[in-house]
$ cat model-v8.txt   # compact mmCIF, C-alpha atoms and all ligand atoms
# COMPACT_ATOMS: atom_id res chain seq x y z
CA MET A 221 -62.25 160.54 -167.47
CA LYS A 222 -65.17 163.00 -167.68
CA PRO A 223 -63.81 166.36 -168.99
CA ASP A 224 -65.45 168.35 -166.18
CA ARG A 225 -63.73 166.14 -163.62
CA ARG A 226 -60.20 166.59 -164.96
CA GLY A 227 -59.07 168.92 -162.15
CA LEU A 228 -60.55 166.75 -159.41
CA THR A 229 -59.06 163.59 -160.94
CA ILE A 230 -55.59 165.17 -161.13
CA LEU A 231 -55.87 166.33 -157.51
CA SER A 232 -56.98 162.92 -156.23
CA ILE A 233 -54.18 161.14 -158.15
CA ALA A 234 -51.66 163.70 -156.82
CA THR A 235 -52.92 163.04 -153.26
CA VAL A 236 -52.54 159.27 -153.77
CA VAL A 237 -48.95 159.67 -155.05
CA ALA A 238 -48.03 162.13 -152.26
CA THR A 239 -49.47 159.72 -149.67
CA TRP A 240 -47.47 156.78 -151.00
CA LEU A 241 -44.32 158.92 -150.85
CA LEU A 242 -45.34 159.76 -147.27
CA LEU A 243 -45.36 156.02 -146.51
CA VAL A 244 -41.79 155.87 -147.85
CA ILE A 245 -40.67 158.95 -145.86
CA GLY A 246 -42.50 157.78 -142.71
CA GLY A 247 -40.96 154.32 -143.13
CA LEU A 248 -37.48 155.88 -142.92
CA VAL A 249 -38.08 157.48 -139.50
CA ASN A 250 -37.90 154.40 -137.26
CA PRO A 251 -34.99 152.51 -138.91
CA THR A 252 -32.84 155.68 -138.88
CA GLY A 253 -33.55 156.04 -135.13
CA SER A 254 -35.09 159.48 -135.76
CA SER A 255 -38.50 159.00 -134.07
CA MET A 256 -37.72 161.30 -131.09
CA ALA A 257 -35.59 163.85 -132.98
CA CYS A 258 -38.43 166.41 -132.57
CA PRO A 259 -40.06 165.75 -129.18
CA ASP A 260 -42.55 168.65 -129.44
CA TRP A 261 -45.91 168.48 -131.17
CA TYR A 262 -48.61 171.17 -131.02
CA PHE A 263 -50.83 170.44 -134.08
CA ILE A 264 -48.49 172.51 -136.32
CA PRO A 265 -45.30 171.05 -137.77
CA THR A 266 -42.58 172.36 -135.50
CA CYS A 267 -39.30 170.78 -134.45
CA ASN A 268 -37.84 171.97 -131.15
CA GLY A 269 -40.04 175.07 -131.50
CA GLN A 270 -39.00 175.93 -135.08
CA VAL A 271 -41.05 175.45 -138.25
CA ILE A 272 -37.87 175.48 -140.35
CA PRO A 273 -35.08 174.17 -138.10
CA ALA A 274 -31.63 175.73 -138.43
CA ASP A 275 -29.98 172.34 -137.92
CA TRP A 276 -31.24 169.28 -139.80
CA SER A 277 -28.84 166.75 -138.25
CA GLY A 278 -29.49 164.04 -135.61
CA GLY A 279 -32.53 162.54 -137.36
CA ILE A 280 -34.34 165.91 -137.74
CA LEU A 281 -34.19 165.56 -141.53
CA TYR A 282 -36.25 162.34 -141.37
CA GLU A 283 -38.63 163.20 -138.50
CA HIS A 284 -39.32 166.83 -139.42
CA GLY A 285 -39.26 166.06 -143.17
CA HIS A 286 -41.97 163.46 -142.41
CA ARG A 287 -44.03 166.04 -140.50
CA MET A 288 -43.73 168.66 -143.25
CA TRP A 289 -44.61 166.20 -146.02
CA ALA A 290 -47.54 164.95 -143.90
CA SER A 291 -48.77 168.55 -143.50
CA GLY A 292 -48.68 168.90 -147.30
CA VAL A 293 -50.74 165.70 -147.65
CA GLY A 294 -53.16 167.08 -145.04
CA LEU A 295 -53.63 170.26 -147.08
CA LEU A 296 -54.13 168.33 -150.33
CA THR A 297 -56.74 166.15 -148.60
CA LEU A 298 -58.54 169.19 -147.19
CA VAL A 299 -58.79 170.81 -150.64
CA LEU A 300 -59.84 167.47 -152.19
CA GLY A 301 -62.53 166.80 -149.55
CA VAL A 302 -64.01 170.32 -149.75
CA TRP A 303 -63.95 170.28 -153.57
CA MET A 304 -65.69 166.88 -153.60
CA TRP A 305 -68.31 168.09 -151.12
CA ARG A 306 -69.20 170.95 -153.47
CA ARG A 307 -69.65 168.56 -156.43
CA ARG A 308 -73.18 167.15 -156.09
CA ASP A 309 -72.79 165.14 -159.32
CA LEU A 310 -70.37 162.80 -157.51
CA GLY A 311 -73.20 161.29 -155.45
CA ASP A 312 -73.61 161.32 -151.68
CA THR A 313 -71.43 158.28 -150.94
CA THR A 314 -68.43 159.65 -152.83
CA ARG A 315 -68.87 163.10 -151.32
CA ARG A 316 -68.98 161.60 -147.81
CA LEU A 317 -65.80 159.63 -148.60
CA GLY A 318 -64.07 162.98 -149.18
CA LEU A 319 -65.11 164.13 -145.69
CA GLY A 320 -64.02 160.73 -144.34
CA ALA A 321 -60.56 161.28 -145.85
CA ILE A 322 -60.28 164.65 -144.06
CA ALA A 323 -61.29 163.00 -140.77
CA LEU A 324 -58.76 160.19 -141.29
CA VAL A 325 -55.86 162.52 -142.09
CA ALA A 326 -56.68 164.56 -138.95
CA LEU A 327 -56.80 161.37 -136.87
CA GLN A 328 -53.51 160.25 -138.40
CA GLY A 329 -51.78 163.53 -137.48
CA THR A 330 -53.15 163.27 -133.93
CA LEU A 331 -51.93 159.67 -133.61
CA GLY A 332 -48.49 160.78 -134.82
CA GLY A 333 -48.47 163.46 -132.12
CA ILE A 334 -49.65 161.04 -129.40
CA THR A 335 -46.91 158.60 -130.52
CA VAL A 336 -44.30 161.24 -129.71
CA LYS A 337 -46.00 162.39 -126.49
CA LEU A 338 -46.26 158.78 -125.23
CA ASN A 339 -42.61 158.20 -126.07
CA LEU A 340 -43.32 155.77 -128.95
CA SER A 341 -45.95 153.50 -127.36
CA TRP A 342 -46.06 150.38 -129.59
CA VAL A 343 -49.88 150.34 -129.53
CA VAL A 344 -50.21 153.94 -130.79
CA SER A 345 -47.34 153.51 -133.29
CA THR A 346 -49.09 150.44 -134.74
CA MET A 347 -52.41 152.34 -134.88
CA HIS A 348 -50.56 155.15 -136.71
CA LEU A 349 -49.38 152.60 -139.32
CA VAL A 350 -52.79 150.96 -139.75
CA THR A 351 -54.60 154.33 -140.05
CA ALA A 352 -52.05 155.36 -142.71
CA MET A 353 -52.96 152.26 -144.73
CA ILE A 354 -56.72 152.79 -144.30
CA PHE A 355 -56.34 156.44 -145.37
CA PHE A 356 -54.33 155.35 -148.45
CA SER A 357 -57.05 152.81 -149.34
CA VAL A 358 -59.81 155.45 -148.99
CA LEU A 359 -57.88 157.71 -151.39
CA ILE A 360 -57.74 154.83 -153.92
CA ILE A 361 -61.52 154.38 -153.60
CA ILE A 362 -62.05 158.13 -154.03
CA THR A 363 -59.85 158.22 -157.15
CA GLY A 364 -61.66 155.19 -158.60
CA ARG A 365 -65.06 156.79 -158.01
CA VAL A 366 -64.01 160.20 -159.35
CA LEU A 367 -62.63 158.52 -162.49
CA ALA A 368 -65.76 156.47 -163.21
CA ALA A 369 -69.16 156.08 -161.59
CA PRO A 370 -69.60 152.55 -160.18
CA ALA A 371 -71.17 150.28 -162.81
CA PRO A 372 -73.26 147.18 -162.03
CA PRO A 373 -70.97 144.13 -161.64
CA SER A 374 -71.58 140.93 -163.55
CA ALA A 375 -73.03 138.07 -161.49
CA ARG A 376 -69.72 136.24 -162.08
CA ALA A 377 -67.75 138.96 -160.28
CA VAL A 378 -69.76 138.73 -157.03
CA GLY A 379 -67.87 135.71 -155.60
CA PRO A 380 -64.34 136.93 -156.46
CA ARG A 381 -65.25 140.37 -155.09
CA ALA A 382 -66.10 138.86 -151.68
CA LEU A 383 -62.77 136.97 -151.80
CA VAL A 384 -60.90 140.20 -152.62
CA VAL A 385 -62.50 141.91 -149.59
CA SER A 386 -61.47 139.01 -147.30
CA ALA A 387 -57.93 139.09 -148.73
CA ALA A 388 -57.71 142.86 -148.13
CA LEU A 389 -58.80 142.41 -144.49
CA LEU A 390 -56.15 139.70 -144.07
CA VAL A 391 -53.48 141.99 -145.55
CA ALA A 392 -54.57 144.76 -143.12
CA PHE A 393 -54.17 142.28 -140.23
CA GLN A 394 -50.71 141.33 -141.52
CA ILE A 395 -49.75 145.03 -141.74
CA ALA A 396 -50.79 145.50 -138.09
CA LEU A 397 -48.69 142.44 -137.17
CA GLY A 398 -45.71 143.94 -139.05
CA GLY A 399 -46.16 147.17 -137.09
CA ILE A 400 -46.16 145.22 -133.81
CA VAL A 401 -42.97 143.37 -134.85
CA ARG A 402 -41.27 146.68 -135.67
CA HIS A 403 -42.44 148.62 -132.62
CA LEU A 404 -41.61 145.81 -130.18
CA GLY A 405 -38.11 145.89 -131.69
CA ALA A 406 -38.53 142.25 -132.79
CA GLY A 407 -37.30 142.73 -136.36
CA LEU A 408 -33.98 141.03 -135.68
CA VAL A 409 -34.84 138.68 -132.78
CA CYS A 410 -34.07 135.76 -135.08
CA GLY A 411 -30.78 137.33 -136.20
CA ASP A 412 -30.27 137.22 -139.96
CA ASP A 413 -31.71 133.69 -140.21
CA TRP A 414 -34.29 134.09 -142.97
CA LEU A 415 -35.31 130.40 -142.95
CA GLY A 416 -35.95 129.87 -139.25
CA CYS A 417 -35.35 131.68 -135.96
CA GLY A 418 -31.74 130.93 -135.15
CA PRO A 419 -29.73 127.69 -135.49
CA GLY A 420 -32.03 124.64 -135.48
CA THR A 421 -35.04 126.66 -134.24
CA PHE A 422 -38.20 127.37 -136.18
CA TRP A 423 -40.56 128.33 -133.36
CA PRO A 424 -38.69 130.24 -130.60
CA ALA A 425 -39.64 130.15 -126.91
CA GLY A 426 -39.81 133.95 -126.29
CA GLY A 427 -42.91 136.10 -127.02
CA ALA A 428 -41.11 138.60 -129.29
CA GLY A 429 -39.64 135.74 -131.38
CA GLN A 430 -43.07 134.11 -131.64
CA ILE A 431 -44.71 137.33 -132.86
CA HIS A 432 -41.87 137.73 -135.39
CA MET A 433 -42.32 134.17 -136.70
CA PHE A 434 -46.13 134.53 -136.67
CA HIS A 435 -45.72 137.58 -138.98
CA ARG A 436 -43.59 135.48 -141.33
CA VAL A 437 -46.01 132.51 -141.37
CA VAL A 438 -49.03 134.78 -141.94
CA GLY A 439 -47.00 136.53 -144.70
CA TYR A 440 -46.41 133.24 -146.57
CA SER A 441 -50.10 132.30 -146.13
CA VAL A 442 -51.25 135.72 -147.37
CA ALA A 443 -49.07 135.27 -150.47
CA LEU A 444 -50.62 131.86 -151.26
CA ILE A 445 -54.16 133.14 -150.64
CA LEU A 446 -53.60 136.19 -152.84
CA LEU A 447 -52.32 134.02 -155.71
CA VAL A 448 -55.56 131.98 -155.57
CA VAL A 449 -57.80 135.07 -155.22
CA ALA A 450 -56.01 136.81 -158.11
CA GLY A 451 -56.54 133.69 -160.27
CA ARG A 452 -60.29 133.66 -159.49
CA ALA A 453 -60.62 137.41 -160.16
CA ALA A 454 -58.62 137.14 -163.43
CA ARG A 455 -60.93 134.35 -164.64
CA ALA A 456 -64.06 136.39 -163.82
CA LEU A 457 -62.68 139.40 -165.69
CA GLN A 458 -61.70 137.26 -168.71
CA GLN A 459 -65.13 135.59 -168.83
CA ASP A 460 -66.66 139.08 -168.91
CA GLY A 461 -64.42 139.94 -171.86
CA ARG A 462 -62.39 142.45 -169.82
CA PRO A 463 -58.60 142.76 -169.39
CA SER A 464 -57.34 140.60 -166.53
CA TRP A 465 -54.20 142.58 -165.65
CA PRO A 466 -55.77 144.34 -162.60
CA ALA A 467 -55.98 140.89 -160.99
CA ARG A 468 -52.32 140.11 -161.64
CA ILE A 469 -50.97 143.20 -159.86
CA PRO A 470 -51.74 142.12 -156.24
CA ALA A 471 -50.22 138.69 -157.02
CA ILE A 472 -46.98 140.25 -158.30
CA LEU A 473 -46.81 142.79 -155.46
CA VAL A 474 -47.29 140.20 -152.73
CA LEU A 475 -44.39 138.14 -154.13
CA VAL A 476 -42.22 141.30 -154.11
CA GLN A 477 -43.39 141.96 -150.53
CA VAL A 478 -42.43 138.49 -149.27
CA THR A 479 -39.02 138.85 -150.98
CA LEU A 480 -38.53 142.24 -149.25
CA GLY A 481 -39.52 140.63 -145.91
CA LEU A 482 -36.93 137.87 -146.38
CA LEU A 483 -34.31 140.45 -147.41
CA THR A 484 -35.20 142.60 -144.37
CA VAL A 485 -34.10 139.69 -142.16
CA ALA A 486 -31.15 138.53 -144.31
CA SER A 487 -29.75 142.08 -144.59
CA GLY A 488 -30.11 142.79 -140.85
CA ARG A 489 -32.77 145.51 -141.50
CA SER A 490 -31.05 147.36 -144.33
CA LEU A 491 -32.58 150.88 -144.41
CA TRP A 492 -34.03 150.95 -147.92
CA ILE A 493 -35.18 147.33 -147.89
CA VAL A 494 -37.11 147.73 -144.64
CA THR A 495 -38.54 151.06 -145.86
CA PHE A 496 -39.80 149.54 -149.10
CA HIS A 497 -41.19 146.60 -147.10
CA THR A 498 -43.53 149.17 -145.47
CA ALA A 499 -44.30 151.08 -148.67
CA VAL A 500 -44.99 147.97 -150.79
CA ALA A 501 -47.35 146.72 -148.03
CA GLY A 502 -49.44 149.82 -148.83
CA LEU A 503 -49.35 148.97 -152.53
CA VAL A 504 -50.51 145.37 -151.89
CA LEU A 505 -53.53 146.68 -149.98
CA ALA A 506 -54.20 149.44 -152.53
CA SER A 507 -54.03 146.97 -155.45
CA LEU A 508 -56.70 144.81 -153.77
CA VAL A 509 -58.92 147.87 -153.24
CA ALA A 510 -58.44 148.80 -156.91
CA LEU A 511 -59.24 145.22 -157.96
CA TYR A 512 -62.42 145.35 -155.89
CA LEU A 513 -63.46 148.54 -157.68
CA THR A 514 -62.63 146.94 -161.05
CA LEU A 515 -64.84 143.95 -160.25
CA GLY A 516 -67.86 146.09 -159.36
CA PRO A 517 -69.20 148.98 -157.32
CA LEU A 518 -69.28 149.35 -153.57
CA GLY A 519 -72.36 147.80 -152.00
CA SER A 520 -73.63 144.54 -150.61
CA PRO A 521 -73.21 141.29 -152.61
CA ARG A 522 -77.02 140.96 -152.61
CA ARG A 523 -77.44 144.39 -154.24
CA ALA A 524 -74.66 143.57 -156.69
CA ARG A 525 -76.43 140.32 -157.66
CA GLU A 526 -79.71 142.20 -158.12
CA ALA A 527 -77.97 144.84 -160.24
CA GLY A 528 -76.37 142.05 -162.32
CA ARG A 529 -79.77 140.44 -162.88
CA ALA A 530 -81.30 143.80 -163.81
CA ALA A 531 -78.51 144.37 -166.36
CA LEU A 532 -79.24 140.94 -167.92
CA GLN A 533 -83.00 141.54 -168.07
CA PRO A 534 -83.20 143.26 -171.53
CA THR A 535 -81.07 140.49 -173.11
CA LEU A 536 -83.25 137.78 -171.56
CA ALA A 537 -86.41 139.56 -172.69
CA ALA A 538 -85.05 139.83 -176.26
CA LEU A 539 -84.12 136.12 -176.29
CA HIS A 540 -87.52 135.21 -174.93
CA ALA A 541 -89.25 137.27 -177.64
CA GLU A 542 -87.14 135.53 -180.31
CA VAL A 543 -87.83 131.94 -179.20
CA SER A 544 -91.51 132.34 -178.33
CA PRO A 545 -93.91 131.60 -181.25
C1 LIG B 601 -48.02 139.87 -147.23
C2 LIG B 601 -46.86 139.86 -146.67
C3 LIG B 601 -46.33 140.91 -145.72
C4 LIG B 601 -46.82 142.17 -145.41
C5 LIG B 601 -48.07 142.86 -145.94
C6 LIG B 601 -45.89 142.74 -144.45
C7 LIG B 601 -46.00 144.01 -143.89
C8 LIG B 601 -45.17 144.54 -142.95
C9 LIG B 601 -45.31 145.85 -142.37
C10 LIG B 601 -46.38 146.87 -142.75
C11 LIG B 601 -44.33 146.01 -141.45
C12 LIG B 601 -44.18 147.19 -140.51
C13 LIG B 601 -43.28 148.27 -140.98
C14 LIG B 601 -43.51 149.55 -140.22
O1 LIG B 601 -43.91 149.55 -139.06
O2 LIG B 601 -43.29 150.58 -140.83
C15 LIG B 601 -43.54 144.80 -141.46
C16 LIG B 601 -42.43 144.58 -140.65
C17 LIG B 601 -41.61 143.49 -140.78
N1 LIG B 601 -41.76 142.42 -141.65
FE1 LIG B 601 -43.31 142.12 -142.91
N2 LIG B 601 -44.89 141.83 -144.22
C18 LIG B 601 -45.12 140.71 -144.97
C19 LIG B 601 -44.34 139.57 -145.01
C20 LIG B 601 -43.13 139.40 -144.35
C21 LIG B 601 -42.28 138.27 -144.46
C22 LIG B 601 -42.58 137.03 -145.30
C23 LIG B 601 -41.18 138.49 -143.66
C24 LIG B 601 -39.96 137.64 -143.41
C25 LIG B 601 -39.73 136.51 -143.91
C26 LIG B 601 -41.37 139.78 -143.03
C27 LIG B 601 -40.49 140.39 -142.15
C28 LIG B 601 -40.70 141.55 -141.48
C29 LIG B 601 -39.81 142.08 -140.47
C30 LIG B 601 -38.54 141.46 -139.98
C31 LIG B 601 -40.38 143.30 -140.03
C32 LIG B 601 -39.85 144.25 -138.97
C33 LIG B 601 -39.03 145.31 -139.62
C34 LIG B 601 -38.45 146.25 -138.59
O3 LIG B 601 -37.95 145.78 -137.57
O4 LIG B 601 -38.46 147.45 -138.85
N3 LIG B 601 -42.55 140.31 -143.48
N4 LIG B 601 -44.08 143.92 -142.39
$ encode --input "model-v8.txt" --output "structure tokens"
Amino acid sequence: MKPDRRGLTILSIATVVATWLLLVIGGLVNPTGSSMACPDWYFIPTCNGQVIPADWSGGILYEHGHRMWASGVGLLTLVLGVWMWRRRDLGDTTRRLGLGAIALVALQGTLGGITVKLNLSWVVSTMHLVTAMIFFSVLIIITGRVLAAPAPPSARAVGPRALVVSAALLVAFQIALGGIVRHLGAGLVCGDDWLGCGPGTFWPAGGAGQIHMFHRVVGYSVALILLVVAGRAARALQQDGRPSWPARIPAILVLVQVTLGLLTVASGRSLWIVTFHTAVAGLVLASLVALYLTLGPLGSPRRAREAGRAALQPTLAALHAEVSP
């Protein structure tokens, strides 16, 4: 870490941690049946007209606690984004990412408000979940770029990097599917049958059951794909003489995530299991974003290849000088 970036680094890491805790707190709202405990929303965190409610029962603890924690994350993001904007040494892309984070956190708060105003529309609730995950990923990118300026990737890392991007997009799709399962109330349409969807049935006839089973099948496929992608990324890092552990983290997390999914069904949506199923989904996505940053900077594969070639140029020139008579 550059010494003059210590404060900014600490703030960006604190915002990442606070946002992950927000995923945990937000994940508790729906399974505790607290989503409509505070039906008012006027851009400031109030619950039934009060900023600090006198009574925290009836789900208010979860719903209003979520709003207050989210307001704290909003403030942290605002300070982070403004601070980054004032630091020209970060480069234009990183500085714009800071502004992007402010825009995303504002959008996220608005979506949360619309969710309540539209009485928990499943479309808006799912958008609220997906925006939360995108915001979390942007904070990971910001932290990575504040910690170290992007360095040219090796030519070997270009292929695995493209695979990591595809895997991250697939995980984002699976997160959206999970949100649809939850907000259509399809979490237990197959009962507690974690192998199939009720006695002797794998593919149910009803739409809700089919979406539920589709989420499971995509989940198993995502796990297999991530194991392969992590293997490719680990090999590229090893061949470059770098530690391969950043590639192992998404592989481990996705196995934990599938286990939590199975336990969600088997336990009949136990509160903490289903909450961690949401929060670990964020970690799977974040670990892929971090792996992407580890493999090389942001930019097109073509530019990465060119940068790789440029980095090799002095070595090639030296070799050429040595072998030529
Ligand atoms: C890569 C793998 C997976 C990811 C990223 C993922 C992600 C998610 C997410 C983000 C949610 C929505 C939670 C919310 O709205 O807060 C969800 C819901 C759900 N997931 Fe997964 N999931 C995965 C695999 C699985 C698997 C393998 C199963 C079961 C075998 C499963 C079962 C469920 C169930 C039952 C719900 C609905 C929970 C509820 O009703 O609240 N998931 N998933």
$ axis_aligned_box --input "model-v8.txt" --around "ligand LIG 601 (chain B)" --padding-each-side "5 Å" --output "lines of an AutoDock Vina configuration file"
center_x = -43.0
center_y = 143.5
center_z = -142.4
size_x = 20.1
size_y = 24.1
size_z = 19.7
$ residues_near_ligand --input "model-v8.txt" --ligand "ligand LIG 601 (chain B)" --cutoff "7 Å" --atoms "all atoms listed in the file" --output "CSV table (one decimal) with C-alpha atoms, in the frame of the given file"
chain,number,residue,atom,x,y,z
A,247,GLY,CA,-41.0,154.3,-143.1
A,251,PRO,CA,-35.0,152.5,-138.9
A,346,THR,CA,-49.1,150.4,-134.7
A,349,LEU,CA,-49.4,152.6,-139.3
A,391,VAL,CA,-53.5,142.0,-145.6
A,394,GLN,CA,-50.7,141.3,-141.5
A,395,ILE,CA,-49.8,145.0,-141.7
A,396,ALA,CA,-50.8,145.5,-138.1
A,398,GLY,CA,-45.7,143.9,-139.0
A,399,GLY,CA,-46.2,147.2,-137.1
A,401,VAL,CA,-43.0,143.4,-134.8
A,402,ARG,CA,-41.3,146.7,-135.7
A,403,HIS,CA,-42.4,148.6,-132.6
A,405,GLY,CA,-38.1,145.9,-131.7
A,406,ALA,CA,-38.5,142.2,-132.8
A,407,GLY,CA,-37.3,142.7,-136.4
A,408,LEU,CA,-34.0,141.0,-135.7
A,414,TRP,CA,-34.3,134.1,-143.0
A,432,HIS,CA,-41.9,137.7,-135.4
A,435,HIS,CA,-45.7,137.6,-139.0
A,436,ARG,CA,-43.6,135.5,-141.3
A,437,VAL,CA,-46.0,132.5,-141.4
A,439,GLY,CA,-47.0,136.5,-144.7
A,440,TYR,CA,-46.4,133.2,-146.6
A,442,VAL,CA,-51.2,135.7,-147.4
A,443,ALA,CA,-49.1,135.3,-150.5
A,474,VAL,CA,-47.3,140.2,-152.7
A,477,GLN,CA,-43.4,142.0,-150.5
A,478,VAL,CA,-42.4,138.5,-149.3
A,479,THR,CA,-39.0,138.8,-151.0
A,481,GLY,CA,-39.5,140.6,-145.9
A,482,LEU,CA,-36.9,137.9,-146.4
A,484,THR,CA,-35.2,142.6,-144.4
A,485,VAL,CA,-34.1,139.7,-142.2
A,489,ARG,CA,-32.8,145.5,-141.5
A,494,VAL,CA,-37.1,147.7,-144.6
A,495,THR,CA,-38.5,151.1,-145.9
A,497,HIS,CA,-41.2,146.6,-147.1
A,498,THR,CA,-43.5,149.2,-145.5
A,501,ALA,CA,-47.4,146.7,-148.0
A,504,VAL,CA,-50.5,145.4,-151.9
$ residues_around --input "model-v8.txt" --residues "segment 311-323 of chain A" --least-positions-apart "5" --cutoff "7 Å" --atoms "only C-alpha atoms" --output "list in words"
Thr297, Leu298, Leu300, Gly301, Met304, Trp305, Phe355, Val358, Ile362 and Arg365 of chain A
$ write_last_selection --input "model-v8.txt" --atoms "C-alpha atoms" --output "PDB file, keeping the file's coordinate frame"
ATOM      1  CA  THR A 297     -56.740 166.150-148.600  1.00  0.00           C
ATOM      2  CA  LEU A 298     -58.540 169.190-147.190  1.00  0.00           C
ATOM      3  CA  LEU A 300     -59.840 167.470-152.190  1.00  0.00           C
ATOM      4  CA  GLY A 301     -62.530 166.800-149.550  1.00  0.00           C
ATOM      5  CA  MET A 304     -65.690 166.880-153.600  1.00  0.00           C
ATOM      6  CA  TRP A 305     -68.310 168.090-151.120  1.00  0.00           C
ATOM      7  CA  PHE A 355     -56.340 156.440-145.370  1.00  0.00           C
ATOM      8  CA  VAL A 358     -59.810 155.450-148.990  1.00  0.00           C
ATOM      9  CA  ILE A 362     -62.050 158.130-154.030  1.00  0.00           C
ATOM     10  CA  ARG A 365     -65.060 156.790-158.010  1.00  0.00           C
TER      11      ARG A 365
END
$ closest_residue --input "model-v8.txt" --among "A:Val438, A:Leu539, A:Ala456, A:Leu480" --to "Trp492 of chain A" --atoms "all atoms listed in the file"
A:Leu480
$ closest_residue --input "model-v8.txt" --among "A:Ala510, A:Ile245, A:Ala453, A:Leu296" --to "Gly379 of chain A" --atoms "only C-alpha atoms"
A:Ala453
$ closest_residue --input "model-v8.txt" --among "A:Gly278, A:Asp224, A:Val336, A:Trp423" --to "Asp309 of chain A" --atoms "only C-alpha atoms"
A:Asp224
$ decode --input "model-v8.txt" --residues "segment 376-416 of chain A" --atoms "C-alpha atoms" --output "PDB file, in the first residue's frame"
ATOM      1  CA  ARG A 376      -0.825 -16.254 -20.262  1.00  0.00           C
ATOM      2  CA  ALA A 377      -3.387 -14.516 -18.043  1.00  0.00           C
ATOM      3  CA  VAL A 378      -5.457 -13.136 -20.945  1.00  0.00           C
ATOM      4  CA  GLY A 379      -7.443 -16.363 -21.590  1.00  0.00           C
ATOM      5  CA  PRO A 380      -8.215 -17.157 -17.923  1.00  0.00           C
ATOM      6  CA  ARG A 381      -9.190 -13.512 -17.388  1.00  0.00           C
ATOM      7  CA  ALA A 382     -11.859 -13.754 -20.111  1.00  0.00           C
ATOM      8  CA  LEU A 383     -13.096 -16.987 -18.479  1.00  0.00           C
ATOM      9  CA  VAL A 384     -13.273 -15.268 -15.075  1.00  0.00           C
ATOM     10  CA  VAL A 385     -15.389 -12.457 -16.587  1.00  0.00           C
ATOM     11  CA  SER A 386     -17.795 -14.997 -18.156  1.00  0.00           C
ATOM     12  CA  ALA A 387     -18.011 -16.897 -14.842  1.00  0.00           C
ATOM     13  CA  ALA A 388     -18.784 -13.648 -12.974  1.00  0.00           C
ATOM     14  CA  LEU A 389     -21.592 -12.828 -15.429  1.00  0.00           C
ATOM     15  CA  LEU A 390     -23.001 -16.338 -14.944  1.00  0.00           C
ATOM     16  CA  VAL A 391     -22.888 -15.920 -11.153  1.00  0.00           C
ATOM     17  CA  ALA A 392     -24.713 -12.560 -11.500  1.00  0.00           C
ATOM     18  CA  PHE A 393     -27.408 -14.329 -13.568  1.00  0.00           C
ATOM     19  CA  GLN A 394     -27.690 -17.042 -10.898  1.00  0.00           C
ATOM     20  CA  ILE A 395     -28.021 -14.368  -8.183  1.00  0.00           C
ATOM     21  CA  ALA A 396     -30.898 -12.773 -10.135  1.00  0.00           C
ATOM     22  CA  LEU A 397     -32.519 -16.227 -10.442  1.00  0.00           C
ATOM     23  CA  GLY A 398     -32.138 -16.723  -6.671  1.00  0.00           C
ATOM     24  CA  GLY A 399     -33.835 -13.359  -6.107  1.00  0.00           C
ATOM     25  CA  ILE A 400     -36.735 -14.411  -8.357  1.00  0.00           C
ATOM     26  CA  VAL A 401     -37.080 -17.723  -6.455  1.00  0.00           C
ATOM     27  CA  ARG A 402     -37.185 -15.846  -3.144  1.00  0.00           C
ATOM     28  CA  HIS A 403     -39.517 -13.046  -4.212  1.00  0.00           C
ATOM     29  CA  LEU A 404     -41.970 -15.380  -5.947  1.00  0.00           C
ATOM     30  CA  GLY A 405     -42.095 -17.273  -2.639  1.00  0.00           C
ATOM     31  CA  ALA A 406     -40.798 -20.404  -4.408  1.00  0.00           C
ATOM     32  CA  GLY A 407     -38.104 -21.266  -1.849  1.00  0.00           C
ATOM     33  CA  LEU A 408     -40.070 -24.179  -0.431  1.00  0.00           C
ATOM     34  CA  VAL A 409     -42.245 -25.225  -3.409  1.00  0.00           C
ATOM     35  CA  CYS A 410     -40.393 -28.540  -3.428  1.00  0.00           C
ATOM     36  CA  GLY A 411     -40.838 -28.975   0.335  1.00  0.00           C
ATOM     37  CA  ASP A 412     -37.653 -30.032   2.105  1.00  0.00           C
ATOM     38  CA  ASP A 413     -36.685 -32.414  -0.717  1.00  0.00           C
ATOM     39  CA  TRP A 414     -33.099 -31.373  -1.442  1.00  0.00           C
ATOM     40  CA  LEU A 415     -32.551 -34.050  -4.122  1.00  0.00           C
ATOM     41  CA  GLY A 416     -35.612 -33.489  -6.300  1.00  0.00           C
TER      42      GLY A 416
END
